[in-house]
Amino acid sequence: MRGWWKVLSVILVLYTLIGGFLFEVARLPILNETIRNLYFHVTMWFGMIILLTASMVYAIKNLNSGDPMHDVISSELIRVSTVMGLIGCATGAVWAKYTWGAWWTWDAKLNGAAITVLIYVAYLILRSSVEDDSSRQRLSGVYAIFAYVLMIVFIIILPRMTDSLHPGNGGNSSFGNLDVDNNMRRVFYPAIIGWTLFALWIASLRIRLKRVELLKRDTLLN
């Protein structure tokens with residue numbers, strides 16, 4: 001059963017949706033019921049980082065081998081990851097409105113996340129603007145590696161070096177140190193796996209379509 005992980009992703013996403021809205025949560029001061037967004041906002045960023053790490057690996061493979069499929073895999077992982085980043089920004093803005101009183105604040109992690117998403121949006125625009133296949137392949141590989149390094153800097157390193165409203169950054173306690181009980185952990189960790197597998201499923205479908213397009217093009221050329 002080769003598609004077992006797809007079935008697992010659907011089960012975990014459904015479990016996340018049900019548990020996220022119906023299970024008991026740790027109602028912390030200020031956060032209250034909005035803490036349920038942990039299952040949808042934070043997990044999106046986890047999934048995005050996992051997929052972008054895979055895309056960076058395939059970008060390196062692309063530069064080393066010149067295999068167009070490595071380029072396809074890297075670019076499609078970035079495409080899906082960018083959508084996850086946009087969802088992460090949107091859910092984060094909603095959370096910020098109800099807990100911090102504003103849709104957006106001058107927060108290091110918020111701005112770093114937005115800059116990261118814009119960097120990858122620029123990657124997609126740049127990629128679509130280059131017509132020559134070999135030039136696009138090399139440029140995409142270099143850019144993907146460069147963008148991944150910037151993502152680590154803007155999302156992980158800088159927020160820990162400056163003041164931030166986010167848990168775990170700028171001297172604030174992380175959610176692991178707060179009163180996040182086992183009921184929430186039973187949903188949070190499966191949610192990370194579920195959303196990540198679901199995103200990989202979408203990326204795999206796009207990769208298969210691109211593979212078919214490459215095969216058709218090679219057939220016509222031959």
# chains A, B, ... in the order shown; residues from 1 in each chain; ligands from 1

call {"tool": "residues_around", "arguments": {"residues": "range 17-34 of chain A", "least_positions_apart": "2", "cutoff": "10 Å", "atoms": "only C-alpha atoms", "output": "list of chain:residue names"}}
result
A:Leu12, A:Val13, A:Leu14, A:Tyr15, A:Arg36, A:Asn37, A:Leu38, A:Tyr39, A:Phe40, A:Val94, A:Trp95, A:Ala96, A:Tyr98, A:Thr99, A:Trp100, A:Leu178, A:Asp179, A:Val180, A:Asp181, A:Asn182, A:Asn183, A:Met184, A:Arg185, A:Arg186, A:Val187, A:Phe188, A:Ala191

call {"tool": "write_last_selection", "arguments": {"atoms": "C-alpha atoms", "output": "PDB file, in the first residue's frame"}}
result
ATOM      1  CA  LEU A  12      -4.582  13.446  10.933  1.00  0.00           C
ATOM      2  CA  VAL A  13      -5.984  16.593   9.290  1.00  0.00           C
ATOM      3  CA  LEU A  14      -9.547  15.532  10.138  1.00  0.00           C
ATOM      4  CA  TYR A  15      -8.404  14.735  13.678  1.00  0.00           C
ATOM      5  CA  ARG A  36      -6.682  26.832  19.463  1.00  0.00           C
ATOM      6  CA  ASN A  37      -4.936  28.679  16.649  1.00  0.00           C
ATOM      7  CA  LEU A  38      -1.804  26.859  17.798  1.00  0.00           C
ATOM      8  CA  TYR A  39      -3.023  23.869  15.773  1.00  0.00           C
ATOM      9  CA  PHE A  40      -3.362  25.888  12.563  1.00  0.00           C
ATOM     10  CA  VAL A  94      -6.090  36.944  13.162  1.00  0.00           C
ATOM     11  CA  TRP A  95      -4.448  35.677  16.347  1.00  0.00           C
ATOM     12  CA  ALA A  96      -2.599  38.968  16.828  1.00  0.00           C
ATOM     13  CA  TYR A  98      -7.514  39.074  19.309  1.00  0.00           C
ATOM     14  CA  THR A  99      -4.519  38.846  21.658  1.00  0.00           C
ATOM     15  CA  TRP A 100      -2.351  41.886  20.910  1.00  0.00           C
ATOM     16  CA  LEU A 178       3.416  27.576  29.665  1.00  0.00           C
ATOM     17  CA  ASP A 179       0.334  25.704  30.792  1.00  0.00           C
ATOM     18  CA  VAL A 180      -0.122  23.754  27.557  1.00  0.00           C
ATOM     19  CA  ASP A 181      -1.539  20.504  28.845  1.00  0.00           C
ATOM     20  CA  ASN A 182      -1.352  16.994  27.412  1.00  0.00           C
ATOM     21  CA  ASN A 183      -4.751  17.409  25.749  1.00  0.00           C
ATOM     22  CA  MET A 184      -3.252  20.084  23.508  1.00  0.00           C
ATOM     23  CA  ARG A 185      -0.091  18.103  22.816  1.00  0.00           C
ATOM     24  CA  ARG A 186      -2.257  15.189  21.639  1.00  0.00           C
ATOM     25  CA  VAL A 187      -3.554  17.426  18.874  1.00  0.00           C
ATOM     26  CA  PHE A 188      -0.550  19.688  18.256  1.00  0.00           C
ATOM     27  CA  ALA A 191      -1.338  18.384  13.443  1.00  0.00           C
TER      28      ALA A 191
END

call {"tool": "closest_atom_pairs", "arguments": {"of": "range 20-91 of chain A", "to": "range 106-113 of chain A", "cutoff": "12 Å", "atoms": "only C-alpha atoms", "output": "Markdown table"}}
result
| residue | atom | partner | partner_atom | distance |
| --- | --- | --- | --- | --- |
| A:Val42 | CA | A:Ala113 | CA | 11.8 |
| A:Met44 | CA | A:Ala113 | CA | 11.8 |
| A:Trp45 | CA | A:Ala113 | CA | 9.1 |
| A:Met48 | CA | A:Ala113 | CA | 11.1 |
| A:Ile49 | CA | A:Ala113 | CA | 11.2 |
| A:Thr82 | CA | A:Ala113 | CA | 10.9 |
| A:Met84 | CA | A:Ala113 | CA | 11.5 |
| A:Gly85 | CA | A:Ala113 | CA | 7.8 |
| A:Leu86 | CA | A:Ala113 | CA | 9.3 |
| A:Ile87 | CA | A:Ala113 | CA | 11.3 |
| A:Gly88 | CA | A:Ala113 | CA | 8.7 |
| A:Cys89 | CA | A:Ala113 | CA | 7.3 |
| A:Ala90 | CA | A:Leu110 | CA | 10.9 |
| A:Thr91 | CA | A:Leu110 | CA | 11.6 |

call {"tool": "closest_atom_pairs", "arguments": {"of": "range 21-107 of chain A", "to": "range 196-199 of chain A", "cutoff": "9 Å", "atoms": "only C-alpha atoms", "output": "JSON lines"}}
result
{"residue": "A:Thr43", "atom": "CA", "partner": "A:Thr196", "partner_atom": "CA", "distance": 8.3}
{"residue": "A:Met44", "atom": "CA", "partner": "A:Thr196", "partner_atom": "CA", "distance": 7.9}
{"residue": "A:Phe46", "atom": "CA", "partner": "A:Thr196", "partner_atom": "CA", "distance": 7.8}
{"residue": "A:Gly47", "atom": "CA", "partner": "A:Thr196", "partner_atom": "CA", "distance": 4.6}
{"residue": "A:Met48", "atom": "CA", "partner": "A:Thr196", "partner_atom": "CA", "distance": 7.6}
{"residue": "A:Ile50", "atom": "CA", "partner": "A:Thr196", "partner_atom": "CA", "distance": 7.6}
{"residue": "A:Leu51", "atom": "CA", "partner": "A:Thr196", "partner_atom": "CA", "distance": 7.6}
{"residue": "A:Leu77", "atom": "CA", "partner": "A:Ala199", "partner_atom": "CA", "distance": 8.6}
{"residue": "A:Val80", "atom": "CA", "partner": "A:Ala199", "partner_atom": "CA", "distance": 6.6}
{"residue": "A:Ser81", "atom": "CA", "partner": "A:Ala199", "partner_atom": "CA", "distance": 7.8}
{"residue": "A:Met84", "atom": "CA", "partner": "A:Ala199", "partner_atom": "CA", "distance": 8.2}

call {"tool": "write_last_selection", "arguments": {"atoms": "C-alpha atoms", "output": "CSV table (one decimal), in the first residue's frame"}}
result
chain,number,residue,atom,x,y,z
A,43,THR,CA,1.8,23.9,12.5
A,44,MET,CA,1.8,25.7,9.2
A,46,PHE,CA,6.5,23.8,11.0
A,47,GLY,CA,5.3,22.3,7.8
A,48,MET,CA,6.7,25.1,5.7
A,50,ILE,CA,10.2,21.0,6.7
A,51,LEU,CA,9.2,21.4,3.0
A,77,LEU,CA,8.1,22.2,-2.8
A,80,VAL,CA,3.4,24.7,-1.8
A,81,SER,CA,5.6,26.0,1.1
A,84,MET,CA,1.6,27.5,3.7

call {"tool": "select_by_dssp", "arguments": {"residues": "range 24-133 of chain A", "states": "helix (DSSP H, G or I)", "output": "PyMOL selection string"}}
result
chain A and resi 32-39+41-65+68-99+108-129+133

call {"tool": "write_last_selection", "arguments": {"atoms": "C-alpha atoms", "output": "mmCIF file, in the first residue's frame"}}
result
data_model
loop_
_atom_site.group_PDB
_atom_site.id
_atom_site.type_symbol
_atom_site.label_atom_id
_atom_site.label_comp_id
_atom_site.auth_asym_id
_atom_site.auth_seq_id
_atom_site.Cartn_x
_atom_site.Cartn_y
_atom_site.Cartn_z
ATOM 1 C CA ASN A 32 -8.271 32.121 26.148
ATOM 2 C CA GLU A 33 -9.945 30.202 23.275
ATOM 3 C CA THR A 34 -7.624 31.747 20.663
ATOM 4 C CA ILE A 35 -4.950 29.315 21.801
ATOM 5 C CA ARG A 36 -6.682 26.832 19.463
ATOM 6 C CA ASN A 37 -4.936 28.679 16.649
ATOM 7 C CA LEU A 38 -1.804 26.859 17.798
ATOM 8 C CA TYR A 39 -3.023 23.869 15.773
ATOM 9 C CA HIS A 41 -0.914 28.796 12.733
ATOM 10 C CA VAL A 42 2.202 27.281 14.315
ATOM 11 C CA THR A 43 1.825 23.949 12.526
ATOM 12 C CA MET A 44 1.798 25.735 9.152
ATOM 13 C CA TRP A 45 5.215 27.205 9.889
ATOM 14 C CA PHE A 46 6.546 23.827 10.988
ATOM 15 C CA GLY A 47 5.317 22.265 7.761
ATOM 16 C CA MET A 48 6.689 25.130 5.691
ATOM 17 C CA ILE A 49 10.152 24.843 7.221
ATOM 18 C CA ILE A 50 10.192 21.047 6.711
ATOM 19 C CA LEU A 51 9.228 21.387 3.042
ATOM 20 C CA LEU A 52 11.681 24.242 2.462
ATOM 21 C CA THR A 53 14.454 22.126 3.966
ATOM 22 C CA ALA A 54 13.618 19.375 1.472
ATOM 23 C CA SER A 55 13.526 21.934 -1.352
ATOM 24 C CA MET A 56 16.984 23.179 -0.385
ATOM 25 C CA VAL A 57 18.332 19.603 -0.478
ATOM 26 C CA TYR A 58 16.923 19.116 -3.977
ATOM 27 C CA ALA A 59 18.265 22.508 -5.040
ATOM 28 C CA ILE A 60 21.759 21.287 -4.107
ATOM 29 C CA LYS A 61 21.119 18.028 -5.991
ATOM 30 C CA ASN A 62 19.941 20.079 -8.951
ATOM 31 C CA LEU A 63 23.165 22.097 -9.081
ATOM 32 C CA ASN A 64 25.302 18.968 -8.684
ATOM 33 C CA SER A 65 23.508 16.724 -11.176
ATOM 34 C CA PRO A 68 15.650 18.742 -14.386
ATOM 35 C CA MET A 69 13.490 16.599 -12.076
ATOM 36 C CA HIS A 70 15.516 17.750 -9.080
ATOM 37 C CA ASP A 71 14.747 21.308 -10.135
ATOM 38 C CA VAL A 72 11.052 20.461 -10.503
ATOM 39 C CA ILE A 73 10.881 18.864 -7.057
ATOM 40 C CA SER A 74 12.656 21.803 -5.428
ATOM 41 C CA SER A 75 10.465 24.412 -7.120
ATOM 42 C CA GLU A 76 7.172 22.639 -6.413
ATOM 43 C CA LEU A 77 8.071 22.171 -2.758
ATOM 44 C CA ILE A 78 8.762 25.897 -2.600
ATOM 45 C CA ARG A 79 5.466 26.676 -4.327
ATOM 46 C CA VAL A 80 3.438 24.693 -1.780
ATOM 47 C CA SER A 81 5.566 25.999 1.109
ATOM 48 C CA THR A 82 4.875 29.574 0.048
ATOM 49 C CA VAL A 83 1.129 28.921 0.249
ATOM 50 C CA MET A 84 1.641 27.501 3.746
ATOM 51 C CA GLY A 85 3.588 30.641 4.648
ATOM 52 C CA LEU A 86 0.753 32.856 3.408
ATOM 53 C CA ILE A 87 -1.741 30.844 5.475
ATOM 54 C CA GLY A 88 0.620 31.140 8.446
ATOM 55 C CA CYS A 89 0.729 34.928 8.060
ATOM 56 C CA ALA A 90 -3.070 35.139 7.735
ATOM 57 C CA THR A 91 -3.794 32.969 10.780
ATOM 58 C CA GLY A 92 -1.106 34.842 12.709
ATOM 59 C CA ALA A 93 -2.734 38.181 11.876
ATOM 60 C CA VAL A 94 -6.090 36.944 13.162
ATOM 61 C CA TRP A 95 -4.448 35.677 16.347
ATOM 62 C CA ALA A 96 -2.599 38.968 16.828
ATOM 63 C CA LYS A 97 -5.825 40.957 16.484
ATOM 64 C CA TYR A 98 -7.514 39.074 19.309
ATOM 65 C CA THR A 99 -4.519 38.846 21.658
ATOM 66 C CA ALA A 108 10.696 40.823 14.763
ATOM 67 C CA LYS A 109 9.162 37.436 14.045
ATOM 68 C CA LEU A 110 6.125 38.804 12.216
ATOM 69 C CA ASN A 111 8.266 40.962 9.964
ATOM 70 C CA GLY A 112 10.792 38.159 9.477
ATOM 71 C CA ALA A 113 8.011 35.779 8.458
ATOM 72 C CA ALA A 114 6.578 38.308 6.011
ATOM 73 C CA ILE A 115 9.998 38.989 4.495
ATOM 74 C CA THR A 116 10.613 35.249 4.137
ATOM 75 C CA VAL A 117 7.341 34.730 2.281
ATOM 76 C CA LEU A 118 8.116 37.690 0.007
ATOM 77 C CA ILE A 119 11.559 36.245 -0.750
ATOM 78 C CA TYR A 120 9.968 33.009 -1.936
ATOM 79 C CA VAL A 121 7.262 34.855 -3.861
ATOM 80 C CA ALA A 122 10.100 36.689 -5.625
ATOM 81 C CA TYR A 123 11.657 33.273 -6.360
ATOM 82 C CA LEU A 124 8.480 32.139 -8.112
ATOM 83 C CA ILE A 125 8.211 35.387 -10.088
ATOM 84 C CA LEU A 126 11.873 35.264 -11.097
ATOM 85 C CA ARG A 127 11.579 31.618 -12.099
ATOM 86 C CA SER A 128 8.589 32.309 -14.332
ATOM 87 C CA SER A 129 10.363 35.221 -16.016
ATOM 88 C CA ASP A 133 15.417 26.027 -19.252
#

call {"tool": "atom_distance", "arguments": {"atom1": "CA of Ser9 in chain A", "atom2": "CA of Tyr189 in chain A"}}
result
12.7 Å

call {"tool": "atom_distance", "arguments": {"atom1": "CA of Glu131 in chain A", "atom2": "CA of Tyr143 in chain A"}}
result
16.3 Å
